[in-house]
Structure formats: structure tokens, C-alpha cells
file model.cif (mmCIF, C-alpha atoms)
data_final
#
loop_
_atom_site.label_atom_id
_atom_site.label_comp_id
_atom_site.auth_asym_id
_atom_site.auth_seq_id
_atom_site.Cartn_x
_atom_site.Cartn_y
_atom_site.Cartn_z
CA MET A 1 37.47 0.62 -14.26
CA MET A 2 34.22 -1.12 -13.25
CA GLN A 3 31.61 -1.11 -15.99
CA LYS A 4 28.10 0.00 -15.11
CA SER A 5 26.69 -3.47 -15.75
CA GLU A 6 29.14 -4.90 -13.18
CA GLN A 7 28.10 -2.59 -10.37
CA LYS A 8 26.20 -3.94 -7.39
CA ARG A 9 22.46 -4.18 -7.85
CA ILE A 10 20.46 -1.54 -5.96
CA PHE A 11 16.92 -2.73 -5.28
CA LEU A 12 13.78 -0.62 -5.04
CA SER A 13 12.77 -1.82 -1.57
CA ALA A 14 14.64 -4.83 -0.26
CA PRO A 15 13.65 -6.71 2.91
CA HIS A 16 15.43 -5.44 6.02
CA MET A 17 15.78 -7.97 8.82
CA SER A 18 16.16 -6.84 12.43
CA GLY A 19 18.30 -9.77 13.59
CA ASN A 20 15.72 -10.97 16.11
CA GLU A 21 13.57 -12.94 13.67
CA MET A 22 15.40 -16.23 14.22
CA ASN A 23 14.58 -16.20 17.93
CA TYR A 24 10.85 -16.28 17.19
CA ILE A 25 11.34 -18.83 14.41
CA HIS A 26 13.42 -21.01 16.75
CA ASP A 27 10.63 -20.91 19.35
CA ALA A 28 8.14 -22.03 16.70
CA PHE A 29 10.32 -24.99 15.78
CA GLU A 30 11.09 -25.90 19.40
CA THR A 31 7.39 -25.98 20.26
CA ASN A 32 6.44 -27.55 16.90
CA TRP A 33 4.01 -24.72 16.11
CA ILE A 34 4.54 -24.87 12.35
CA ALA A 35 0.87 -24.77 11.31
CA PRO A 36 -1.00 -21.60 10.27
CA LEU A 37 -1.95 -20.84 13.88
CA GLY A 38 -0.05 -20.64 17.14
CA PRO A 39 1.39 -18.35 19.82
CA ASN A 40 3.25 -16.08 17.38
CA VAL A 41 0.05 -15.51 15.37
CA ASP A 42 -1.91 -14.63 18.51
CA ALA A 43 0.83 -12.32 19.77
CA PHE A 44 1.41 -10.64 16.41
CA GLU A 45 -2.29 -9.82 16.14
CA LYS A 46 -2.33 -8.26 19.61
CA GLU A 47 0.88 -6.33 18.99
CA ILE A 48 -0.36 -4.86 15.70
CA ALA A 49 -3.72 -3.95 17.26
CA ASN A 50 -1.95 -2.21 20.13
CA TYR A 51 0.47 -0.42 17.81
CA VAL A 52 -2.22 1.14 15.62
CA GLY A 53 -4.80 1.52 18.39
CA VAL A 54 -7.69 -0.75 17.38
CA SER A 55 -9.64 -3.39 19.26
CA GLU A 56 -8.45 -6.43 17.33
CA ALA A 57 -6.54 -7.70 14.32
CA VAL A 58 -6.57 -10.89 12.24
CA ALA A 59 -3.32 -12.13 10.67
CA VAL A 60 -3.81 -13.52 7.17
CA SER A 61 -1.81 -14.73 4.18
CA SER A 62 -1.72 -11.39 2.30
CA GLY A 63 -3.09 -7.88 2.15
CA THR A 64 -5.25 -9.04 -0.76
CA ALA A 65 -6.77 -11.72 1.46
CA ALA A 66 -7.54 -9.05 4.08
CA ILE A 67 -9.41 -6.94 1.51
CA HIS A 68 -11.30 -10.01 0.30
CA LEU A 69 -12.36 -10.84 3.84
CA ALA A 70 -13.48 -7.24 4.43
CA LEU A 71 -15.68 -7.35 1.33
CA SER A 72 -17.09 -10.71 2.41
CA LEU A 73 -17.89 -9.34 5.86
CA LEU A 74 -19.75 -6.45 4.21
CA ASP A 75 -21.82 -8.95 2.18
CA VAL A 76 -20.54 -7.67 -1.16
CA GLU A 77 -21.92 -9.95 -3.85
CA LYS A 78 -22.64 -10.24 -7.55
CA GLY A 79 -24.20 -7.11 -9.00
CA ASP A 80 -23.02 -4.81 -6.19
CA LYS A 81 -20.80 -1.82 -6.81
CA VAL A 82 -17.62 -1.00 -4.90
CA PHE A 83 -15.83 2.31 -5.30
CA CYS A 84 -12.03 2.06 -5.34
CA SER A 85 -9.01 4.33 -5.74
CA THR A 86 -7.76 4.04 -9.31
CA LEU A 87 -4.11 4.91 -8.62
CA THR A 88 -3.03 1.71 -6.90
CA PHE A 89 -1.79 -1.82 -7.40
CA VAL A 90 -4.31 -4.27 -8.86
CA ALA A 91 -4.53 -6.13 -5.53
CA SER A 92 -6.72 -3.33 -4.19
CA ALA A 93 -9.45 -4.11 -6.72
CA ASN A 94 -9.08 -7.80 -7.59
CA PRO A 95 -11.12 -8.91 -4.55
CA ILE A 96 -14.05 -6.87 -5.89
CA LEU A 97 -14.03 -9.22 -8.87
CA TYR A 98 -13.68 -12.26 -6.58
CA GLN A 99 -17.07 -11.32 -5.15
CA GLY A 100 -18.61 -10.84 -8.58
CA ALA A 101 -19.11 -7.14 -7.88
CA GLU A 102 -18.43 -4.18 -10.15
CA PRO A 103 -15.61 -1.72 -9.42
CA VAL A 104 -16.09 2.01 -9.97
CA PHE A 105 -12.77 3.86 -9.99
CA ILE A 106 -12.17 7.21 -8.32
CA ASP A 107 -9.43 9.60 -9.42
CA SER A 108 -6.64 11.03 -7.27
CA GLU A 109 -6.18 14.64 -6.18
CA PRO A 110 -2.93 16.66 -6.25
CA GLU A 111 -2.26 17.20 -2.53
CA THR A 112 -1.96 13.52 -1.56
CA TRP A 113 -2.07 11.65 -4.91
CA ASN A 114 -4.84 9.63 -3.25
CA MET A 115 -8.63 9.42 -3.67
CA SER A 116 -10.16 12.75 -4.64
CA PRO A 117 -13.00 13.78 -2.29
CA GLN A 118 -14.43 15.85 -5.16
CA ALA A 119 -14.56 12.85 -7.49
CA LEU A 120 -15.91 10.64 -4.70
CA GLU A 121 -18.67 13.13 -3.91
CA LYS A 122 -19.79 13.22 -7.53
CA ALA A 123 -19.75 9.42 -7.74
CA LEU A 124 -21.80 9.07 -4.55
CA LYS A 125 -24.34 11.67 -5.68
CA ASP A 126 -24.81 9.90 -9.01
CA ALA A 127 -25.14 6.53 -7.30
CA CYS A 128 -27.72 7.93 -4.88
CA ILE A 129 -29.76 9.44 -7.71
CA ASN A 130 -29.67 6.10 -9.53
CA GLY A 131 -30.59 4.19 -6.38
CA ASN A 132 -27.43 2.10 -6.55
CA LEU A 133 -25.08 3.16 -3.78
CA PRO A 134 -21.86 1.14 -3.41
CA LYS A 135 -21.57 -1.56 -0.78
CA ALA A 136 -18.14 -0.17 0.18
CA VAL A 137 -15.46 2.36 -0.69
CA ILE A 138 -11.84 1.13 -0.81
CA VAL A 139 -9.48 4.06 -0.28
CA VAL A 140 -5.73 3.51 -0.73
CA ASN A 141 -2.89 5.31 1.06
CA LEU A 142 -0.36 5.48 -1.75
CA TYR A 143 3.38 5.11 -1.04
CA GLY A 144 2.75 5.72 2.67
CA GLN A 145 0.82 9.01 2.33
CA SER A 146 -2.62 9.02 3.93
CA ALA A 147 -5.58 10.09 1.85
CA LYS A 148 -7.82 12.94 3.05
CA MET A 149 -9.58 10.61 5.45
CA ASP A 150 -11.67 13.23 7.26
CA GLU A 151 -13.33 14.33 4.03
CA ILE A 152 -13.66 10.81 2.63
CA VAL A 153 -15.12 9.25 5.80
CA SER A 154 -17.50 12.20 6.20
CA LEU A 155 -18.81 11.76 2.65
CA CYS A 156 -19.24 8.02 3.09
CA ASN A 157 -21.03 8.51 6.40
CA GLN A 158 -23.53 10.83 4.69
CA TYR A 159 -24.54 7.95 2.45
CA ASN A 160 -24.04 5.22 5.08
CA VAL A 161 -21.36 3.52 2.97
CA PRO A 162 -18.58 1.67 4.88
CA VAL A 163 -14.93 2.46 4.22
CA ILE A 164 -12.17 -0.11 3.76
CA GLU A 165 -8.83 1.62 4.28
CA ASP A 166 -6.14 -0.05 2.18
CA ALA A 167 -3.10 0.84 4.24
CA ALA A 168 -0.92 -1.85 2.64
CA GLU A 169 1.81 0.73 2.00
CA SER A 170 1.25 3.01 5.01
CA LEU A 171 1.86 1.06 8.21
CA GLY A 172 3.57 3.49 10.59
CA SER A 173 2.09 6.58 8.93
CA ILE A 174 0.04 9.08 10.95
CA TYR A 175 -3.00 11.15 9.97
CA LYS A 176 -3.87 13.97 12.39
CA GLY A 177 -2.46 12.09 15.36
CA LYS A 178 -4.08 8.75 14.51
CA ALA A 179 -2.54 5.67 12.92
CA SER A 180 -3.09 5.01 9.24
CA GLY A 181 -5.41 2.08 8.62
CA THR A 182 -7.77 2.87 11.52
CA PHE A 183 -10.28 5.28 9.96
CA GLY A 184 -12.60 2.92 8.13
CA LYS A 185 -14.87 0.09 9.15
CA PHE A 186 -11.89 -2.13 8.26
CA GLY A 187 -8.20 -1.44 7.67
CA ILE A 188 -5.69 -3.67 5.96
CA PHE A 189 -1.91 -3.93 6.02
CA SER A 190 0.51 -5.88 3.84
CA PHE A 191 3.73 -7.60 4.87
CA ASN A 192 4.90 -8.49 1.38
CA GLY A 193 8.66 -8.70 0.89
CA ASN A 194 8.98 -5.11 -0.31
CA LYS A 195 6.88 -3.44 2.42
CA ILE A 196 8.22 -1.35 5.29
CA ILE A 197 8.14 -4.47 7.47
CA THR A 198 7.76 -7.95 6.04
CA THR A 199 6.78 -11.49 6.95
CA SER A 200 7.84 -12.65 3.46
CA SER A 201 4.15 -12.76 2.58
CA GLY A 202 1.24 -11.89 4.79
CA GLY A 203 -1.30 -9.28 5.77
CA MET A 204 -3.49 -8.04 8.57
CA LEU A 205 -7.16 -7.09 8.85
CA VAL A 206 -7.89 -4.60 11.65
CA SER A 207 -11.11 -3.18 13.07
CA ASN A 208 -12.89 -2.02 16.21
CA ASP A 209 -15.73 -4.39 15.32
CA VAL A 210 -14.72 -7.41 17.41
CA GLU A 211 -17.64 -9.57 16.25
CA ALA A 212 -16.81 -8.92 12.59
CA LEU A 213 -13.21 -10.00 13.15
CA LYS A 214 -14.40 -13.13 14.94
CA LYS A 215 -16.29 -13.98 11.76
CA ALA A 216 -13.18 -13.09 9.71
CA ARG A 217 -11.18 -15.72 11.59
CA PHE A 218 -13.92 -18.25 10.90
CA LEU A 219 -13.99 -17.44 7.16
CA ALA A 220 -10.18 -17.39 6.91
CA THR A 221 -9.93 -20.89 8.39
CA GLN A 222 -12.08 -22.66 5.78
CA ALA A 223 -15.33 -21.70 7.60
CA LYS A 224 -15.39 -24.92 9.62
CA ASP A 225 -18.60 -25.21 11.65
CA HIS A 226 -18.42 -25.98 15.36
CA ALA A 227 -18.72 -29.75 15.18
CA LEU A 228 -16.63 -32.81 15.98
CA HIS A 229 -16.56 -33.79 12.32
CA TYR A 230 -15.65 -31.53 9.39
CA GLN A 231 -18.85 -29.66 8.57
CA HIS A 232 -19.14 -26.56 6.37
CA SER A 233 -22.21 -24.41 5.75
CA THR A 234 -20.42 -21.35 4.36
CA ILE A 235 -17.77 -20.76 1.71
CA GLY A 236 -14.45 -20.27 3.48
CA PHE A 237 -10.88 -19.45 2.58
CA ASN A 238 -7.42 -20.75 3.43
CA TYR A 239 -6.16 -17.33 4.50
CA ARG A 240 -4.52 -17.71 7.91
CA MET A 241 -0.90 -16.74 8.51
CA SER A 242 1.62 -19.37 9.59
CA ASN A 243 3.11 -19.27 13.07
CA ILE A 244 6.60 -19.05 11.55
CA LEU A 245 5.81 -16.00 9.44
CA ALA A 246 4.06 -14.34 12.35
CA GLY A 247 7.29 -14.76 14.33
CA ILE A 248 9.14 -12.85 11.63
CA GLY A 249 6.47 -10.18 11.82
CA ARG A 250 6.85 -9.78 15.57
CA ALA A 251 10.56 -9.10 15.21
CA GLN A 252 9.92 -6.71 12.34
CA LEU A 253 7.29 -4.77 14.29
CA GLU A 254 9.82 -4.16 17.05
CA VAL A 255 11.84 -1.97 14.66
CA LEU A 256 9.00 -0.39 12.65
CA ASP A 257 9.55 3.11 14.03
CA GLU A 258 13.24 2.87 13.10
CA ARG A 259 12.30 1.78 9.58
CA VAL A 260 9.96 4.77 9.20
CA GLN A 261 12.70 7.11 10.35
CA ALA A 262 15.21 5.56 7.95
CA ARG A 263 12.90 5.90 4.93
CA ARG A 264 12.03 9.46 5.80
CA LEU A 265 15.75 10.27 5.98
CA LEU A 266 16.24 8.72 2.55
CA PHE A 267 13.41 10.84 1.17
CA ASP A 268 14.90 13.99 2.73
CA ARG A 269 18.30 13.27 1.19
CA TYR A 270 16.79 12.71 -2.26
CA LYS A 271 14.86 15.94 -1.96
CA GLN A 272 17.85 17.94 -0.72
CA GLU A 273 20.06 16.69 -3.52
CA LEU A 274 17.57 16.86 -6.40
CA CYS A 275 14.99 19.55 -5.62
CA SER A 276 17.05 22.30 -7.30
CA ILE A 277 16.61 20.63 -10.69
CA PRO A 278 13.85 22.52 -12.57
CA GLY A 279 10.85 20.39 -13.50
CA LEU A 280 11.33 17.79 -10.77
CA HIS A 281 8.68 17.60 -8.01
CA PHE A 282 8.48 15.23 -5.03
CA MET A 283 5.32 13.59 -3.70
CA PRO A 284 3.81 16.04 -1.20
CA GLU A 285 3.06 15.34 2.45
CA LEU A 286 -0.34 16.57 3.57
CA GLN A 287 -0.37 18.98 6.50
CA HIS A 288 -0.89 17.28 9.88
CA THR A 289 0.23 13.91 8.52
CA ILE A 290 3.44 11.90 8.77
CA SER A 291 4.10 9.59 5.84
CA ASN A 292 6.26 6.53 6.34
CA ARG A 293 7.72 7.40 2.89
CA TRP A 294 7.59 3.73 1.92
CA LEU A 295 8.83 4.75 -1.51
CA THR A 296 10.33 8.06 -2.59
CA ALA A 297 8.10 9.13 -5.46
CA LEU A 298 8.46 12.16 -7.73
CA THR A 299 7.22 13.58 -11.01
CA ILE A 300 9.09 14.89 -14.04
CA ASP A 301 8.00 17.84 -16.18
CA GLU A 302 9.21 16.63 -19.57
CA ASP A 303 8.79 20.06 -21.19
CA VAL A 304 11.21 21.60 -18.67
CA ILE A 305 13.67 18.73 -18.33
CA GLY A 306 13.63 17.55 -21.93
CA THR A 307 13.51 13.85 -21.18
CA SER A 308 10.92 11.24 -20.26
CA VAL A 309 10.29 9.00 -17.29
CA HIS A 310 11.11 6.05 -19.55
CA SER A 311 14.56 7.53 -20.31
CA ILE A 312 15.30 8.03 -16.63
CA LEU A 313 14.24 4.49 -15.77
CA LYS A 314 16.38 3.19 -18.64
CA ALA A 315 19.43 5.12 -17.42
CA LEU A 316 18.98 3.80 -13.88
CA SER A 317 18.52 0.26 -15.17
CA GLU A 318 21.75 0.51 -17.17
CA ASP A 319 23.47 1.45 -13.91
CA ASN A 320 21.96 -1.71 -12.31
CA ILE A 321 19.51 0.36 -10.24
CA GLU A 322 15.92 -0.78 -9.81
CA ALA A 323 13.34 2.01 -10.11
CA ARG A 324 9.68 1.89 -11.11
CA PRO A 325 7.00 4.03 -12.72
CA ILE A 326 4.04 5.22 -10.65
CA TRP A 327 1.18 2.69 -10.62
CA LYS A 328 -0.79 2.55 -13.84
CA PRO A 329 -4.36 3.62 -12.98
CA LEU A 330 -6.74 0.70 -12.78
CA HIS A 331 -9.32 2.31 -15.06
CA MET A 332 -6.63 2.15 -17.78
CA GLN A 333 -5.94 -1.56 -17.25
CA PRO A 334 -7.27 -4.09 -19.80
CA LEU A 335 -8.70 -6.15 -16.94
CA PHE A 336 -11.11 -3.34 -16.05
CA GLU A 337 -11.95 -2.15 -19.55
CA GLY A 338 -15.36 -0.49 -19.54
CA ALA A 339 -15.42 0.20 -15.79
CA ASN A 340 -16.86 3.52 -14.68
CA TYR A 341 -14.37 6.18 -13.69
CA TYR A 342 -14.79 9.56 -11.98
CA SER A 343 -12.02 12.09 -12.58
CA HIS A 344 -10.94 14.86 -10.21
CA SER A 345 -12.35 17.50 -12.54
CA GLU A 346 -13.76 17.74 -16.03
CA ASN A 347 -10.43 18.93 -17.40
CA MET A 348 -8.03 16.88 -15.29
CA SER A 349 -7.33 13.23 -14.62
CA VAL A 350 -4.76 13.49 -11.84
CA SER A 351 -4.01 9.76 -11.78
CA GLU A 352 -3.31 9.60 -15.53
CA ASN A 353 -0.97 12.58 -15.26
CA LEU A 354 0.88 11.05 -12.33
CA PHE A 355 1.28 7.78 -14.22
CA SER A 356 2.76 9.52 -17.25
CA THR A 357 5.14 11.74 -15.27
CA GLY A 358 5.99 9.83 -12.08
CA LEU A 359 8.61 7.37 -10.87
CA CYS A 360 9.81 5.76 -7.65
CA LEU A 361 13.44 5.66 -6.56
CA PRO A 362 15.16 3.00 -4.41
CA SER A 363 13.92 3.51 -0.86
CA GLY A 364 14.80 0.46 1.24
CA SER A 365 15.54 1.23 4.88
CA ASN A 366 18.80 -0.72 4.54
CA LEU A 367 19.96 1.36 1.54
CA ARG A 368 23.45 2.64 2.33
CA GLU A 369 24.18 6.34 1.90
CA GLU A 370 26.89 5.64 -0.67
CA ASP A 371 24.43 3.59 -2.75
CA GLN A 372 21.78 6.28 -2.50
CA MET A 373 24.34 8.82 -3.70
CA ARG A 374 25.00 6.56 -6.69
CA VAL A 375 21.31 6.77 -7.55
CA ILE A 376 21.35 10.54 -7.10
CA LYS A 377 24.45 10.91 -9.25
CA CYS A 378 22.86 8.89 -12.05
CA VAL A 379 19.71 11.06 -12.00
CA LYS A 380 21.68 14.29 -11.80
CA GLU A 381 23.94 13.40 -14.70
CA LEU A 382 21.02 12.60 -16.97
CA LEU A 383 18.75 15.48 -15.99
CA LYS A 384 21.37 18.20 -15.86
CA MET A 385 22.69 17.11 -19.23
CA ARG A 386 19.17 17.35 -20.67
CA VAL A 387 18.43 20.72 -19.07
CA SER A 388 21.63 22.20 -20.48
CA LEU A 389 20.80 21.16 -24.05
#
call {"tool": "encode", "arguments": {"input": "model.cif", "output": "C-alpha cells"}}
result
Amino acid sequence: MMQKSEQKRIFLSAPHMSGNEMNYIHDAFETNWIAPLGPNVDAFEKEIANYVGVSEAVAVSSGTAAIHLALSLLDVEKGDKVFCSTLTFVASANPILYQGAEPVFIDSEPETWNMSPQALEKALKDACINGNLPKAVIVVNLYGQSAKMDEIVSLCNQYNVPVIEDAAESLGSIYKGKASGTFGKFGIFSFNGNKIITTSSGGMLVSNDVEALKKARFLATQAKDHALHYQHSTIGFNYRMSNILAGIGRAQLEVLDERVQARRLLFDRYKQELCSIPGLHFMPELQHTISNRWLTALTIDEDVIGTSVHSILKALSEDNIEARPIWKPLHMQPLFEGANYYSHSENMSVSENLFSTGLCLPSGSNLREEDQMRVIKCVKELLKMRVSL
């Protein structure tokens, strides 16, 4: 009998190739467009812009680079404040530090797990009273679920504060009939290896402000002045995407809708198989939105189930299954010790609760049904055993 340690590894979110990537890569090699510019880059930018419904897009080396460029375009500098979702990966906030600015973290709310409009409103009111409004608000769409963008954009408009929509995890998601990533002054997407579509590494900055994106291209290409010789008057970055990676992205984008459907089916199967277990609750989907369900995320009520998130992750790991906790809130990270933080309410930090009770299950669009059922069986065996004790 096969021992657990010998079973095939099940990854959290493995890359899923369409089969057409090599055609674009072959074209890049045949035409010798290997540099970080070229026809695939130009086409990928246009195709993404058309897909999400914005004027233009700029292909860059990562989602982090896209956020950094957005902050640079908004003239964020030393001493400025930037509000940011706390329940997210560190890449959402690191560019704030690159600019020498100060992050202020905003709690989540229960219906989306994303930025709380109540906490944001309080933070904006305090900042206004103190005469120190933020230069920008970075709102994150966690695990593919859009934040309450109507409320958040409305609040920011009241104070004339621009929104950067970190849609790194939510490409293909829909909020009230409109594509995720298109509600702020700038939107960003990530094509890291674990995202719903991938270019190995890479990102995209999108906006309806064509002039701003023209400047973004300039900054992302080492800010070279228009001159015959190499002349530079502004700090620039080496952030442009390679023509080869853009070719991969073009092939991936062709199957994005299929990848969204596949991940939503995985989520539905998890929910159908596990929702009857008392104390287990899946990440909600806000009314009038469609999440791409990048990762299937859920929370565990330890008092009901009698076990911890750590124990579940350990059991899955012993079965050679990769699963992860929910993001650790940034206001709890040593890097941001002392940063200001606004909670959802006086008596509740939603993000801290989600971190202590949440986990993500394998959700790759190429996850076979039999492998998903292995994950489900492992969870069921542990949880039902605990519940029966």
C-alpha cells in the first residue's frame, strides 16, 4: 500500500499552460525579439486593455512594479501617507516604503474579506481633521473577490484621494458588470506563476489616463530622455516585460475565461462536499459580483470543530498536499511595526480573525477531480473525527 509521503504532490495553484504558448515564443525567436519590448508586448497590452475595458495598459516585470509605478505617477514621496488593505501579501505595501512614504493599514469587513468602508471612512475623517490626507488608497481584491468598490471609490472621491486597485489576484472577476481592476485611477494585475494566468513573472498597469501610462512606460524603461545619447533627468526603473514572457501571456489570456470557470467549479465542489461540516465556512461572494475564485478559502470555528488551522495544514502536508493559511495582516508584520491601523469596529479586527481561522485549499485550474477528492477526503477524515470526539 502506498504511504502518504509517497503520494503525488498536490500544489496550491500550479501554472496551467494552454498549449499555444510555444507558438508565440517561436515567433519571438524567429524575429529575434528577445529584448524587453517587441510585438508580443504591444499586443499583450492591447489585448488586456480590451479584455478589461480600459483605454491602455503597460506590461511590466511584476505586479509589485505596477504598484510602484502607480505610486510614482501619483507623486507619492517621503513623508506622505498611503492607506492600504491590511489583509494582503506584502507586495501590496512594499512599494509605499520604496517611495519613503508611510503606510496606514485598513481592516477587512466580513462580506468580502476586503477593505472595510467603515474603517476607511474613519481613517479618512481623522486624516482630514489632522490636515494630512493620504496621497492614495491601495485596495486589494483578495483571492479573486472584489472589494466594495462603489463605497470605497465614493469615499475616496469625497476627499479627492485617488484609488489604486490591486487586482493581482482578481483578473477575470466582475463587480456589478464591470471588470475587476478598472475602478480606480490605476489598476494592477499580476502574472506570477501561481496566478490564474501566468507569464512566469510579470504584471500589468491599467488606466483610462493615457498620458499617465505614457509616463509609466518612460519610467519603466529607465526614464531615458529623448536624445541621441543616453541622457537621464529622472529616476527610472528597469520594469518592462520581455517579449518572450508577453507571448506566454497572450496565449494564457486566450483561455482566461476557461480558467475562471474551472476554478469556480473547484470551489463549488469543495463547498458541496464540505459545507455540511459544522464550524466550516467558505469565503463569501458579494451580491452582484463574480469572483474568479483564484483560491478556495475558508474559515474554521475551532470551538465547534475541536481542531486548529495549524492541525489541518499539518494533516494536508503529511498527505503531500500544499495548503496555506490566510495572509497574515500587514499591521501584524514586524516590517510594519508601529504603523497606524484602523479596525472594522472597536470590538472587532476582521483581518486578525480571518488570519487565525482561515486557510486556502489547492485550487489550480488543472487540478484533477480525483486529486481534489483526495484533498476533500483528508479534510473530512480529520474534521469529522474531531467533531465526533
call {"tool": "closest_residue", "arguments": {"input": "model.cif", "among": "A:Thr296, A:Ser343, A:Ser18, A:Asn208", "to": "Lys122 in chain A", "atoms": "only C-alpha atoms"}}
result
A:Ser343
call {"tool": "resolve_selection", "arguments": {"input": "model.cif", "expression": "the PyMOL selection byres ((chain A and resi 213) around 10)", "output": "PyMOL selection string"}}
result
chain A and resi 55-58+69-70+73+186+205-212+214-219
call {"tool": "residues_around", "arguments": {"input": "model.cif", "residues": "Pro362 in chain A", "least_positions_apart": "5", "cutoff": "9 Å", "atoms": "only C-alpha atoms", "output": "VMD selection string"}}
result
chain A and resid 10 to 14 295 to 296 321 to 324 367 372 375
call {"tool": "closest_residue", "arguments": {"input": "model.cif", "among": "A:Phe44, A:Ala66, A:Ala91, A:Lys135", "to": "Gly79 in chain A", "atoms": "all atoms listed in the file"}}
result
A:Lys135
call {"tool": "residues_around", "arguments": {"input": "model.cif", "residues": "range 335-337 of chain A", "least_positions_apart": "6", "cutoff": "12 Å", "atoms": "only C-alpha atoms", "output": "PDB file with C-alpha atoms, keeping the file's coordinate frame"}}
result
ATOM      1  CA  THR A  86      -7.760   4.040  -9.310  1.00  0.00           C
ATOM      2  CA  VAL A  90      -4.310  -4.270  -8.860  1.00  0.00           C
ATOM      3  CA  ALA A  93      -9.450  -4.110  -6.720  1.00  0.00           C
ATOM      4  CA  ASN A  94      -9.080  -7.800  -7.590  1.00  0.00           C
ATOM      5  CA  ILE A  96     -14.050  -6.870  -5.890  1.00  0.00           C
ATOM      6  CA  LEU A  97     -14.030  -9.220  -8.870  1.00  0.00           C
ATOM      7  CA  GLU A 102     -18.430  -4.180 -10.150  1.00  0.00           C
ATOM      8  CA  PRO A 103     -15.610  -1.720  -9.420  1.00  0.00           C
ATOM      9  CA  VAL A 104     -16.090   2.010  -9.970  1.00  0.00           C
ATOM     10  CA  PHE A 105     -12.770   3.860  -9.990  1.00  0.00           C
ATOM     11  CA  PRO A 329      -4.360   3.620 -12.980  1.00  0.00           C
TER      12      PRO A 329
END
call {"tool": "resolve_selection", "arguments": {"input": "model.cif", "expression": "the PyMOL selection byres ((chain A and resi 242-259) around 9)", "output": "JSON, numbers by chain"}}
result
{"A": [16, 17, 18, 19, 20, 21, 22, 23, 24, 25, 26, 27, 28, 29, 33, 34, 35, 36, 37, 38, 39, 40, 41, 42, 43, 44, 45, 47, 48, 51, 59, 60, 61, 171, 172, 191, 196, 197, 198, 199, 200, 201, 202, 240, 241, 260, 261, 262, 263, 264, 292, 364, 365, 366]}
call {"tool": "write_last_selection", "arguments": {"input": "model.cif", "atoms": "C-alpha atoms", "output": "compact mmCIF listing (two decimals), in the coordinates of the input"}}
result
# COMPACT_ATOMS: atom_id res chain seq x y z
CA HIS A 16 15.43 -5.44 6.02
CA MET A 17 15.78 -7.97 8.82
CA SER A 18 16.16 -6.84 12.43
CA GLY A 19 18.30 -9.77 13.59
CA ASN A 20 15.72 -10.97 16.11
CA GLU A 21 13.57 -12.94 13.67
CA MET A 22 15.40 -16.23 14.22
CA ASN A 23 14.58 -16.20 17.93
CA TYR A 24 10.85 -16.28 17.19
CA ILE A 25 11.34 -18.83 14.41
CA HIS A 26 13.42 -21.01 16.75
CA ASP A 27 10.63 -20.91 19.35
CA ALA A 28 8.14 -22.03 16.70
CA PHE A 29 10.32 -24.99 15.78
CA TRP A 33 4.01 -24.72 16.11
CA ILE A 34 4.54 -24.87 12.35
CA ALA A 35 0.87 -24.77 11.31
CA PRO A 36 -1.00 -21.60 10.27
CA LEU A 37 -1.95 -20.84 13.88
CA GLY A 38 -0.05 -20.64 17.14
CA PRO A 39 1.39 -18.35 19.82
CA ASN A 40 3.25 -16.08 17.38
CA VAL A 41 0.05 -15.51 15.37
CA ASP A 42 -1.91 -14.63 18.51
CA ALA A 43 0.83 -12.32 19.77
CA PHE A 44 1.41 -10.64 16.41
CA GLU A 45 -2.29 -9.82 16.14
CA GLU A 47 0.88 -6.33 18.99
CA ILE A 48 -0.36 -4.86 15.70
CA TYR A 51 0.47 -0.42 17.81
CA ALA A 59 -3.32 -12.13 10.67
CA VAL A 60 -3.81 -13.52 7.17
CA SER A 61 -1.81 -14.73 4.18
CA LEU A 171 1.86 1.06 8.21
CA GLY A 172 3.57 3.49 10.59
CA PHE A 191 3.73 -7.60 4.87
CA ILE A 196 8.22 -1.35 5.29
CA ILE A 197 8.14 -4.47 7.47
CA THR A 198 7.76 -7.95 6.04
CA THR A 199 6.78 -11.49 6.95
CA SER A 200 7.84 -12.65 3.46
CA SER A 201 4.15 -12.76 2.58
CA GLY A 202 1.24 -11.89 4.79
CA ARG A 240 -4.52 -17.71 7.91
CA MET A 241 -0.90 -16.74 8.51
CA VAL A 260 9.96 4.77 9.20
CA GLN A 261 12.70 7.11 10.35
CA ALA A 262 15.21 5.56 7.95
CA ARG A 263 12.90 5.90 4.93
CA ARG A 264 12.03 9.46 5.80
CA ASN A 292 6.26 6.53 6.34
CA GLY A 364 14.80 0.46 1.24
CA SER A 365 15.54 1.23 4.88
CA ASN A 366 18.80 -0.72 4.54
call {"tool": "closest_residue", "arguments": {"input": "model.cif", "among": "A:Asp319, A:Asp268, A:Glu169, A:Glu6", "to": "Phe89 in chain A", "atoms": "all atoms listed in the file"}}
result
A:Glu169
call {"tool": "resolve_selection", "arguments": {"input": "model.cif", "expression": "the PyMOL selection byres ((chain A and resi 153-167) around 7)", "output": "ChimeraX atom specification"}}
result
/A:121,134-141,149-152,168-171,180-181,183-189
call {"tool": "closest_residue", "arguments": {"input": "model.cif", "among": "A:His68, A:Lys8, A:Lys78, A:His344", "to": "Pro117 in chain A", "atoms": "all atoms listed in the file"}}
result
A:His344
